[in-house]
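**Q** Got a file for you: run-v6.csv, CSV, C-alpha atoms.
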```csv
chain,number,residue,atom,x,y,z
A,10,MET,CA,11.8,-4.5,-5.2
A,11,PRO,CA,8.3,-3.8,-6.4
A,12,ILE,CA,7.9,-0.1,-5.6
A,13,GLN,CA,11.3,1.5,-6.0
A,14,SER,CA,10.0,5.0,-5.6
A,15,LEU,CA,8.8,4.2,-2.1
A,16,GLU,CA,12.0,2.5,-1.0
A,17,LYS,CA,14.8,4.5,-2.6
A,18,PRO,CA,14.8,8.3,-2.6
A,19,ASP,CA,15.0,9.9,-6.0
A,20,ARG,CA,18.3,11.7,-6.0
A,21,ASN,CA,17.2,14.0,-8.9
A,22,LEU,CA,14.3,15.2,-6.7
A,23,LEU,CA,16.4,15.6,-3.7
A,24,ASN,CA,18.7,18.0,-5.6
A,25,LYS,CA,15.9,19.9,-7.4
A,26,ARG,CA,15.8,23.5,-6.3
A,27,GLY,CA,12.6,24.4,-4.4
A,28,GLU,CA,11.3,20.8,-4.4
A,29,GLY,CA,14.3,19.2,-2.8
A,30,THR,CA,13.6,20.2,0.8
A,31,ARG,CA,9.9,19.2,0.5
A,32,TYR,CA,10.8,15.8,-0.9
A,33,ALA,CA,13.6,15.3,1.6
A,34,LEU,CA,11.1,15.9,4.4
A,35,ILE,CA,8.6,13.5,2.9
A,36,MET,CA,11.3,10.8,2.6
A,37,ALA,CA,12.3,11.4,6.3
A,38,GLY,CA,8.6,11.3,7.3
A,39,LEU,CA,8.1,8.0,5.4
A,40,GLU,CA,10.9,6.4,7.4
A,41,LEU,CA,10.4,7.9,10.8
A,42,PHE,CA,6.5,7.8,10.9
A,43,GLY,CA,6.8,4.2,9.8
A,44,GLU,CA,9.1,3.3,12.6
A,45,TYR,CA,7.9,5.5,15.4
A,46,GLY,CA,4.4,6.7,14.4
A,47,ILE,CA,3.2,10.3,14.3
A,48,LYS,CA,3.2,10.7,18.0
A,49,GLY,CA,6.7,9.2,18.5
A,50,THR,CA,8.2,11.3,15.8
A,51,SER,CA,9.3,14.9,16.7
A,52,THR,CA,9.9,17.8,14.3
A,53,ARG,CA,13.5,17.8,15.5
A,54,MET,CA,13.9,14.2,14.4
A,55,LEU,CA,12.4,15.0,11.0
A,56,SER,CA,14.7,18.0,10.6
A,57,SER,CA,17.8,16.1,11.6
A,58,HIS,CA,16.9,13.1,9.4
A,59,SER,CA,16.1,15.2,6.3
A,60,GLY,CA,18.9,17.7,6.7
A,61,ALA,CA,16.3,20.5,6.5
A,62,ASN,CA,15.8,23.5,8.8
A,63,ILE,CA,13.1,22.8,11.4
A,64,ALA,CA,11.2,25.9,10.1
A,65,ALA,CA,10.9,24.1,6.7
A,66,ILE,CA,8.2,21.9,8.1
A,67,PRO,CA,5.6,24.6,8.9
A,68,TYR,CA,6.7,26.5,5.7
A,69,HIS,CA,6.0,23.5,3.4
A,70,PHE,CA,3.4,21.6,5.2
A,71,GLY,CA,1.9,23.8,7.9
A,72,SER,CA,2.7,21.4,10.7
A,73,LYS,CA,4.0,17.9,11.5
A,74,GLU,CA,0.5,16.6,10.9
A,75,GLY,CA,0.5,18.3,7.5
A,76,LEU,CA,3.7,16.5,6.7
A,77,TYR,CA,2.2,13.2,7.8
A,78,ARG,CA,-0.8,13.8,5.4
A,79,ALA,CA,1.7,14.5,2.6
A,80,VAL,CA,3.5,11.3,3.3
A,81,VAL,CA,0.2,9.3,3.2
A,82,GLU,CA,-0.6,11.1,-0.1
A,83,TYR,CA,2.8,10.2,-1.4
A,84,ILE,CA,2.2,6.5,-0.6
A,85,ILE,CA,-1.1,6.5,-2.4
A,86,ARG,CA,0.4,8.1,-5.5
A,87,SER,CA,3.2,5.6,-5.6
A,88,ILE,CA,1.0,2.6,-5.2
A,89,SER,CA,-1.4,4.0,-7.8
A,90,ALA,CA,1.4,4.4,-10.2
A,91,TYR,CA,2.4,0.8,-9.7
A,92,ILE,CA,-1.1,-0.8,-10.1
A,93,GLY,CA,-2.7,2.1,-12.0
A,94,GLU,CA,-2.8,0.4,-15.4
A,95,MET,CA,-4.2,-2.8,-13.9
A,96,THR,CA,-7.0,-1.0,-12.0
A,97,ARG,CA,-7.9,1.1,-15.1
A,98,ASP,CA,-8.2,-2.0,-17.2
A,99,ILE,CA,-10.5,-3.7,-14.7
A,100,GLN,CA,-12.5,-0.5,-14.2
A,101,GLU,CA,-13.0,-0.1,-17.9
A,102,ALA,CA,-14.2,-3.7,-18.2
A,103,LEU,CA,-16.7,-3.3,-15.3
A,104,GLU,CA,-18.1,-0.1,-16.9
A,105,GLN,CA,-19.2,-2.2,-19.9
A,106,GLY,CA,-21.5,-4.2,-17.6
A,107,PRO,CA,-21.3,-7.2,-15.3
A,108,LEU,CA,-18.6,-9.7,-16.3
A,109,GLU,CA,-19.0,-13.4,-16.9
A,110,LYS,CA,-17.8,-15.6,-14.1
A,111,GLY,CA,-14.6,-16.6,-15.8
A,112,GLU,CA,-13.8,-13.0,-16.8
A,113,ALA,CA,-14.5,-11.8,-13.3
A,114,LEU,CA,-12.3,-14.5,-11.7
A,115,ALA,CA,-9.4,-13.7,-14.1
A,116,ALA,CA,-9.7,-10.0,-13.3
A,117,PHE,CA,-9.8,-10.7,-9.5
A,118,ARG,CA,-6.8,-13.0,-9.7
A,119,LYS,CA,-5.0,-10.2,-11.6
A,120,MET,CA,-5.9,-7.8,-8.8
A,121,LEU,CA,-4.7,-10.1,-6.1
A,122,GLY,CA,-1.5,-10.7,-7.9
A,123,GLY,CA,-0.8,-7.0,-8.3
A,124,LEU,CA,-1.4,-6.3,-4.6
A,125,ALA,CA,0.6,-9.4,-3.6
A,126,ARG,CA,3.6,-8.1,-5.5
A,127,ILE,CA,3.4,-4.9,-3.5
A,128,PHE,CA,3.1,-6.5,-0.1
A,129,VAL,CA,4.9,-9.8,-0.5
A,130,GLU,CA,7.9,-9.2,-2.7
A,131,SER,CA,10.0,-7.3,-0.2
A,132,ASP,CA,12.6,-8.8,2.1
A,133,GLU,CA,11.1,-7.1,5.1
A,134,PRO,CA,8.1,-4.9,6.0
A,135,LYS,CA,8.7,-1.4,4.7
A,136,ALA,CA,8.0,1.9,6.4
A,137,TRP,CA,5.2,2.7,4.1
A,138,ALA,CA,3.5,-0.6,4.9
A,139,GLN,CA,3.9,0.1,8.6
A,140,ILE,CA,2.2,3.4,8.2
A,141,ILE,CA,-0.8,1.8,6.4
A,142,MET,CA,-1.0,-0.8,9.1
A,143,ARG,CA,-0.9,1.8,11.8
A,144,GLU,CA,-3.7,3.7,10.1
A,145,GLN,CA,-5.8,0.6,9.9
A,146,ALA,CA,-5.3,-0.1,13.6
A,147,ASN,CA,-5.5,3.4,14.9
A,148,PRO,CA,-6.9,5.7,12.2
A,149,THR,CA,-6.0,9.4,12.2
A,150,GLU,CA,-7.5,12.1,9.9
A,151,ALA,CA,-5.1,10.9,7.2
A,152,PHE,CA,-7.0,7.6,7.0
A,153,ASP,CA,-9.8,9.4,5.2
A,154,ILE,CA,-7.3,10.4,2.5
A,155,TYR,CA,-6.1,6.8,2.2
A,156,TYR,CA,-9.6,5.4,2.1
A,157,GLU,CA,-11.2,7.9,-0.3
A,158,GLN,CA,-8.2,8.1,-2.7
A,159,HIS,CA,-7.3,4.4,-2.8
A,160,MET,CA,-9.1,1.9,-0.7
A,161,LYS,CA,-12.6,2.8,-1.7
A,162,GLN,CA,-12.0,2.2,-5.4
A,163,MET,CA,-10.3,-1.1,-4.7
A,164,GLN,CA,-13.3,-2.2,-2.5
A,165,GLU,CA,-15.8,-1.2,-5.2
A,166,MET,CA,-14.1,-3.1,-8.0
A,167,SER,CA,-13.4,-6.1,-5.8
A,168,THR,CA,-17.0,-6.5,-4.6
A,169,ALA,CA,-18.2,-6.2,-8.2
A,170,LEU,CA,-15.9,-9.0,-9.3
A,171,VAL,CA,-16.6,-11.3,-6.4
A,172,ALA,CA,-20.3,-10.7,-6.9
A,173,SER,CA,-20.0,-11.8,-10.6
A,174,CYS,CA,-18.1,-14.9,-9.4
A,175,THR,CA,-20.5,-15.9,-6.8
A,176,GLY,CA,-23.9,-14.7,-8.1
A,177,LEU,CA,-24.4,-12.7,-4.8
A,178,ASP,CA,-25.6,-9.1,-4.5
A,179,PRO,CA,-22.5,-6.8,-4.7
A,180,GLU,CA,-24.0,-4.7,-1.9
A,181,SER,CA,-24.5,-7.6,0.4
A,182,ASP,CA,-22.4,-7.8,3.6
A,183,GLU,CA,-21.3,-11.3,2.6
A,184,VAL,CA,-19.6,-10.2,-0.5
A,185,LYS,CA,-17.9,-7.3,1.3
A,186,LEU,CA,-16.6,-9.7,4.0
A,187,ARG,CA,-15.5,-12.2,1.4
A,188,VAL,CA,-13.4,-9.5,-0.3
A,189,HIS,CA,-11.7,-8.5,2.9
A,190,ALA,CA,-11.0,-12.1,3.8
A,191,LEU,CA,-9.4,-12.6,0.4
A,192,PHE,CA,-7.3,-9.4,0.7
A,193,GLY,CA,-6.4,-10.3,4.3
A,194,GLN,CA,-4.5,-13.3,3.2
A,195,ILE,CA,-2.1,-11.0,1.4
A,196,LEU,CA,-1.4,-8.9,4.5
A,197,VAL,CA,-0.6,-11.9,6.6
A,198,PHE,CA,2.6,-12.3,4.6
A,199,LEU,CA,3.6,-8.8,5.6
A,200,ILE,CA,2.5,-8.6,9.3
A,201,SER,CA,3.6,-12.2,10.1
A,202,ARG,CA,6.8,-12.1,8.1
A,203,GLU,CA,9.1,-13.3,10.9
A,204,SER,CA,6.8,-16.2,11.8
A,205,ILE,CA,6.6,-17.3,8.2
A,206,LEU,CA,10.4,-17.2,7.8
A,207,ARG,CA,10.9,-19.2,11.0
A,208,HIS,CA,8.3,-21.7,9.9
A,209,LEU,CA,10.0,-22.1,6.6
A,210,GLY,CA,13.4,-22.2,8.2
A,211,VAL,CA,14.9,-19.5,6.0
A,212,GLN,CA,16.3,-16.0,6.4
A,213,GLN,CA,14.3,-14.4,3.6
A,214,LEU,CA,11.7,-15.4,1.0
A,215,THR,CA,13.2,-16.7,-2.2
A,216,GLU,CA,11.7,-16.2,-5.7
A,217,ALA,CA,10.4,-19.8,-5.5
A,218,HIS,CA,8.6,-18.9,-2.3
A,219,VAL,CA,7.1,-15.8,-3.9
A,220,ASP,CA,5.9,-17.8,-6.9
A,221,MET,CA,4.4,-20.3,-4.6
A,222,ILE,CA,2.6,-17.6,-2.6
A,223,HIS,CA,1.1,-16.3,-5.9
A,224,ARG,CA,-0.1,-19.8,-6.7
A,225,VAL,CA,-1.7,-20.2,-3.3
A,226,LEU,CA,-3.5,-16.9,-3.5
A,227,ALA,CA,-4.8,-17.7,-6.9
A,228,GLY,CA,-6.0,-21.1,-5.7
A,229,HIS,CA,-7.8,-19.6,-2.7
A,230,ALA,CA,-9.5,-17.1,-5.0
A,231,GLU,CA,-10.8,-19.9,-7.2
```
Starting from the file, give its structure as C-alpha coordinates.
**A**
Amino acid sequence: MPIQSLEKPDRNLLNKRGEGTRYALIMAGLELFGEYGIKGTSTRMLSSHSGANIAAIPYHFGSKEGLYRAVVEYIIRSISAYIGEMTRDIQEALEQGPLEKGEALAAFRKMLGGLARIFVESDEPKAWAQIIMREQANPTEAFDIYYEQHMKQMQEMSTALVASCTGLDPESDEVKLRVHALFGQILVFLISRESILRHLGVQQLTEAHVDMIHRVLAGHAE
(Lines of atoms letter the chains of each structure in order from A and count residues from 1; the text may use other names and numbers.)
(Lines give C-alpha, C1' and ligand atoms only; values in the text may rest on other atoms or scores of the structure.)
Protein backbone atom coordinates (compact mmCIF):
# COMPACT_ATOMS: atom_id res chain seq x y z
CA MET A 1 0.00 0.00 0.00
CA PRO A 2 1.18 3.51 -0.70
CA ILE A 3 1.38 4.97 2.79
CA GLN A 4 2.42 2.21 5.15
CA SER A 5 2.84 4.53 8.13
CA LEU A 6 -0.84 5.47 7.96
CA GLU A 7 -2.13 1.95 7.60
CA LYS A 8 0.12 -0.12 9.86
CA PRO A 9 1.13 1.03 13.36
CA ASP A 10 4.88 1.21 13.94
CA ARG A 11 5.60 -1.41 16.60
CA ASN A 12 8.83 0.31 17.60
CA LEU A 13 6.92 3.50 18.40
CA LEU A 14 4.21 1.60 20.26
CA ASN A 15 6.86 0.10 22.53
CA LYS A 16 8.85 3.30 23.00
CA ARG A 17 8.84 4.54 26.59
CA GLY A 18 6.98 7.83 26.95
CA GLU A 19 5.94 8.05 23.30
CA GLY A 20 4.20 4.68 23.10
CA THR A 21 0.98 5.74 24.82
CA ARG A 22 0.69 8.95 22.80
CA TYR A 23 1.28 7.06 19.54
CA ALA A 24 -1.19 4.30 20.51
CA LEU A 25 -3.88 6.93 21.13
CA ILE A 26 -3.21 8.57 17.77
CA MET A 27 -3.48 5.17 16.04
CA ALA A 28 -6.73 4.47 17.89
CA GLY A 29 -8.03 7.92 16.96
CA LEU A 30 -7.08 7.39 13.34
CA GLU A 31 -9.27 4.28 13.14
CA LEU A 32 -12.16 5.34 15.37
CA PHE A 33 -12.49 8.94 14.16
CA GLY A 34 -12.40 7.60 10.61
CA GLU A 35 -15.21 5.13 11.26
CA TYR A 36 -17.42 7.07 13.68
CA GLY A 37 -16.36 10.73 13.42
CA ILE A 38 -15.34 12.88 16.34
CA LYS A 39 -18.87 13.11 17.76
CA GLY A 40 -19.47 9.37 17.56
CA THR A 41 -16.16 8.47 19.21
CA SER A 42 -16.03 8.55 23.02
CA THR A 43 -12.96 8.83 25.21
CA ARG A 44 -13.84 5.41 26.61
CA MET A 45 -13.73 3.92 23.10
CA LEU A 46 -10.34 5.55 22.50
CA SER A 47 -9.01 4.26 25.81
CA SER A 48 -10.25 0.72 25.19
CA HIS A 49 -8.98 0.58 21.60
CA SER A 50 -5.53 1.94 22.45
CA GLY A 51 -5.07 0.08 25.72
CA ALA A 52 -4.25 3.39 27.42
CA ASN A 53 -5.71 4.76 30.62
CA ILE A 54 -8.57 7.18 29.92
CA ALA A 55 -6.64 9.86 31.86
CA ALA A 56 -3.88 9.64 29.23
CA ILE A 57 -6.04 11.54 26.74
CA PRO A 58 -6.19 14.84 28.69
CA TYR A 59 -2.60 14.28 29.87
CA HIS A 60 -1.15 14.01 26.36
CA PHE A 61 -3.65 16.02 24.29
CA GLY A 62 -5.73 18.14 26.66
CA SER A 63 -9.03 16.70 25.41
CA LYS A 64 -10.63 14.42 22.84
CA GLU A 65 -10.64 17.38 20.44
CA GLY A 66 -6.91 17.81 21.05
CA LEU A 67 -6.35 14.17 20.14
CA TYR A 68 -8.41 14.66 16.98
CA ARG A 69 -6.20 17.60 15.97
CA ALA A 70 -3.12 15.47 16.63
CA VAL A 71 -4.55 12.76 14.36
CA VAL A 72 -5.10 15.31 11.57
CA GLU A 73 -1.53 16.58 12.01
CA TYR A 74 -0.27 12.99 11.86
CA ILE A 75 -2.12 12.46 8.57
CA ILE A 76 -0.60 15.64 7.13
CA ARG A 77 2.93 14.63 8.16
CA SER A 78 2.53 11.16 6.68
CA ILE A 79 1.16 12.42 3.36
CA SER A 80 3.87 15.09 3.20
CA ALA A 81 6.54 12.45 3.81
CA TYR A 82 5.15 10.44 0.89
CA ILE A 83 4.91 13.27 -1.66
CA GLY A 84 7.37 15.70 -0.07
CA GLU A 85 10.19 15.15 -2.57
CA MET A 86 7.82 15.60 -5.49
CA THR A 87 6.31 18.81 -4.14
CA ARG A 88 9.75 20.22 -3.30
CA ASP A 89 10.96 19.58 -6.86
CA ILE A 90 7.90 21.31 -8.32
CA GLN A 91 8.12 24.22 -5.89
CA GLU A 92 11.81 24.76 -6.68
CA ALA A 93 11.05 24.75 -10.40
CA LEU A 94 8.25 27.30 -9.96
CA GLU A 95 10.50 29.57 -7.90
CA GLN A 96 12.74 29.93 -10.95
CA GLY A 97 9.87 31.59 -12.83
CA PRO A 98 6.86 30.53 -14.94
CA LEU A 99 7.35 27.17 -16.64
CA GLU A 100 6.94 26.50 -20.32
CA LYS A 101 3.70 24.74 -21.22
CA GLY A 102 5.34 21.34 -21.71
CA GLU A 103 7.24 21.57 -18.45
CA ALA A 104 4.14 22.68 -16.57
CA LEU A 105 2.08 19.82 -18.00
CA ALA A 106 4.74 17.27 -17.08
CA ALA A 107 4.91 18.66 -13.53
CA PHE A 108 1.13 18.64 -13.17
CA ARG A 109 0.90 15.07 -14.43
CA LYS A 110 3.55 14.13 -11.88
CA MET A 111 1.51 15.78 -9.13
CA LEU A 112 -1.69 14.02 -10.21
CA GLY A 113 0.14 10.72 -10.30
CA GLY A 114 1.53 11.17 -6.80
CA LEU A 115 -1.87 12.03 -5.35
CA ALA A 116 -3.54 9.21 -7.27
CA ARG A 117 -1.15 6.70 -5.74
CA ILE A 118 -2.26 7.89 -2.30
CA PHE A 119 -6.00 7.77 -2.94
CA VAL A 120 -6.35 5.03 -5.55
CA GLU A 121 -3.82 2.34 -4.73
CA SER A 122 -5.66 0.93 -1.74
CA ASP A 123 -8.07 -1.97 -1.73
CA GLU A 124 -10.62 0.01 0.27
CA PRO A 125 -11.06 3.53 1.66
CA LYS A 126 -8.82 4.00 4.67
CA ALA A 127 -9.68 5.65 7.96
CA TRP A 128 -7.42 8.62 7.25
CA ALA A 129 -9.14 9.25 3.94
CA GLN A 130 -12.53 9.08 5.65
CA ILE A 131 -11.36 11.74 8.13
CA ILE A 132 -10.29 14.02 5.27
CA MET A 133 -13.62 13.54 3.51
CA ARG A 134 -15.52 14.29 6.72
CA GLU A 135 -13.53 17.48 7.18
CA GLN A 136 -14.34 18.57 3.63
CA ALA A 137 -18.05 17.93 4.12
CA ASN A 138 -18.37 19.21 7.69
CA PRO A 139 -15.20 21.11 8.63
CA THR A 140 -14.16 21.39 12.24
CA GLU A 141 -11.42 23.59 13.67
CA ALA A 142 -8.98 20.91 12.54
CA PHE A 143 -9.73 21.74 8.91
CA ASP A 144 -7.73 24.95 9.29
CA ILE A 145 -4.72 22.81 10.18
CA TYR A 146 -5.23 20.53 7.17
CA TYR A 147 -5.74 23.48 4.83
CA GLU A 148 -2.87 25.67 6.01
CA GLN A 149 -0.31 22.89 6.38
CA HIS A 150 -1.14 20.86 3.28
CA MET A 151 -3.96 21.84 0.95
CA LYS A 152 -3.02 25.49 0.50
CA GLN A 153 0.42 24.68 -0.88
CA MET A 154 -1.02 22.07 -3.25
CA GLN A 155 -3.56 24.61 -4.52
CA GLU A 156 -0.96 27.31 -5.08
CA MET A 157 1.38 25.01 -7.00
CA SER A 158 -1.44 23.52 -9.04
CA THR A 159 -2.93 26.87 -10.06
CA ALA A 160 0.51 28.04 -11.18
CA LEU A 161 0.98 24.92 -13.30
CA VAL A 162 -2.50 25.00 -14.84
CA ALA A 163 -2.10 28.72 -15.58
CA SER A 164 1.16 27.99 -17.45
CA CYS A 165 -0.60 25.25 -19.42
CA THR A 166 -3.62 27.35 -20.35
CA GLY A 167 -2.22 30.87 -20.52
CA LEU A 168 -4.87 32.01 -18.02
CA ASP A 169 -4.33 34.21 -14.97
CA PRO A 170 -3.34 31.97 -12.01
CA GLU A 171 -5.51 34.14 -9.75
CA SER A 172 -8.59 33.71 -11.92
CA ASP A 173 -11.58 31.76 -10.66
CA GLU A 174 -11.50 29.65 -13.82
CA VAL A 175 -8.01 28.31 -13.12
CA LYS A 176 -8.89 27.56 -9.51
CA LEU A 177 -12.03 25.68 -10.56
CA ARG A 178 -10.13 23.75 -13.24
CA VAL A 179 -7.65 22.63 -10.59
CA HIS A 180 -10.40 21.34 -8.31
CA ALA A 181 -12.15 19.59 -11.19
CA LEU A 182 -8.91 17.79 -12.08
CA PHE A 183 -8.23 16.78 -8.48
CA GLY A 184 -11.86 15.77 -8.00
CA GLN A 185 -11.50 13.01 -10.57
CA ILE A 186 -8.97 11.35 -8.25
CA LEU A 187 -11.29 11.44 -5.26
CA VAL A 188 -14.09 9.75 -7.17
CA PHE A 189 -12.03 6.55 -7.20
CA LEU A 190 -12.06 6.71 -3.41
CA ILE A 191 -15.57 7.85 -2.51
CA SER A 192 -17.24 5.77 -5.24
CA ARG A 193 -15.05 2.70 -4.82
CA GLU A 194 -17.90 0.22 -4.44
CA SER A 195 -19.75 1.55 -7.49
CA ILE A 196 -16.57 1.30 -9.58
CA LEU A 197 -15.90 -2.28 -8.46
CA ARG A 198 -19.46 -3.34 -9.33
CA HIS A 199 -19.28 -1.59 -12.70
CA LEU A 200 -16.04 -3.44 -13.47
CA GLY A 201 -17.43 -6.69 -12.08
CA VAL A 202 -14.48 -7.28 -9.74
CA GLN A 203 -13.88 -7.58 -5.99
CA GLN A 204 -10.90 -5.23 -5.94
CA LEU A 205 -8.82 -3.14 -8.31
CA THR A 206 -5.94 -4.97 -9.96
CA GLU A 207 -2.55 -3.51 -10.87
CA ALA A 208 -3.80 -3.32 -14.44
CA HIS A 209 -6.78 -1.25 -13.30
CA VAL A 210 -4.53 1.09 -11.33
CA ASP A 211 -2.21 1.56 -14.32
CA MET A 212 -5.25 2.31 -16.47
CA ILE A 213 -6.49 4.89 -13.95
CA HIS A 214 -3.14 6.66 -14.10
CA ARG A 215 -3.30 6.73 -17.90
CA VAL A 216 -6.85 8.10 -17.81
CA LEU A 217 -5.90 10.84 -15.34
CA ALA A 218 -2.90 11.82 -17.44
CA GLY A 219 -5.07 11.92 -20.55
CA HIS A 220 -7.64 14.14 -18.85
CA ALA A 221 -4.92 16.49 -17.70
CA GLU A 222 -3.64 16.84 -21.25
**Q** Name the residues in contact with A:Gly193 at a cut-off of 12 Å, using all atoms listed in the file, excluding same-chain residues fewer than 6 positions from it; report them as a PyMOL selection string.
**A** chain A and resi 121+124-125+128+142+186-187+199-201+226+229-230
**Q** Return the single residue from A:Ile140, A:Val129, A:Ala102, A:Ile66 that is closest to A:Phe42, with distances computed using all atoms listed in the file.
**A** A:Ile140
**Q** Quick one: pull the distance between atom CA of A:Thr149 and atom CA of A:Met95, Å, one decimal.
**A**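 Computing it gives 28.9 Å between the two atoms.
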**Q** Measuring between only C-alpha atoms, which one of A:Glu231, A:Ala217, A:Ile195, A:His208 shows the shortest distance to A:Thr175?
**A** A:Glu231
**Q** Between atom CA of A:Ile141 and atom CA of A:Met160, measure the distance and give it in Å to one decimal.
**A** 10.9 Å
**Q** Could you pull the residues within 9 Å of stretch 46-50 of chain A, counting only C-alpha atoms, minus those fewer than 6 positions along the same chain, as a list of chain:residue names?
**A** A:Gly38, A:Lys73, A:Glu74, A:Tyr77, A:Gln139, A:Ile140, A:Arg143
**Q** Can you work out the spacing between atom CA of A:Asp98 and atom CA of A:Ala116 in Å, to one decimal?
**A**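 Computed distance, atom CA of A:Asp98 to atom CA of A:Ala116, equals 9.0 Å.
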**Q** Can you tell me, as a list in words, what residues are no more than 10 Å from A:Glu144 when counting all atoms listed in the file, ignoring any on the same chain fewer than 5 positions away?
**A** Gly46, Val81, Ala138, Gln139, Thr149, Glu150, Ala151, Phe152, Asp153 and Tyr155 of chain A
**Q** Using all atoms listed in the file, which of the listed residues (A:Leu170, A:Ile63, A:Ala79, A:Ile85) sits closest to A:Glu109?
**A** A:Leu170
**Q** Using only C-alpha atoms, find the one residue out of A:Ile84, A:Met166, A:Ala115, A:Leu196 that sits nearest to A:Glu101.
**A**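 Comparing A:Ile84, A:Met166, A:Ala115, A:Leu196 against A:Glu101, the winner is A:Met166.
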**Q** So which one's closest to A:Lys161, A:Lys185, A:Lys119, A:Ala33, A:Ala61? Using all atoms listed in the file, please.
**A** A:Lys185
**Q** With only C-alpha atoms as the counted atoms, please give the residues lying no more than 7 Å from A:Leu34, apart from itself and same-chain residues fewer than 3 positions off, as JSON, numbers by chain.
**A** {"A": [30, 31, 37, 38, 55, 59]}
**Q** Which one of A:Tyr32, A:Phe70, A:Tyr156, A:Phe198 sits closest to A:Val225 if you count all atoms listed in the file?
**A** A:Phe198
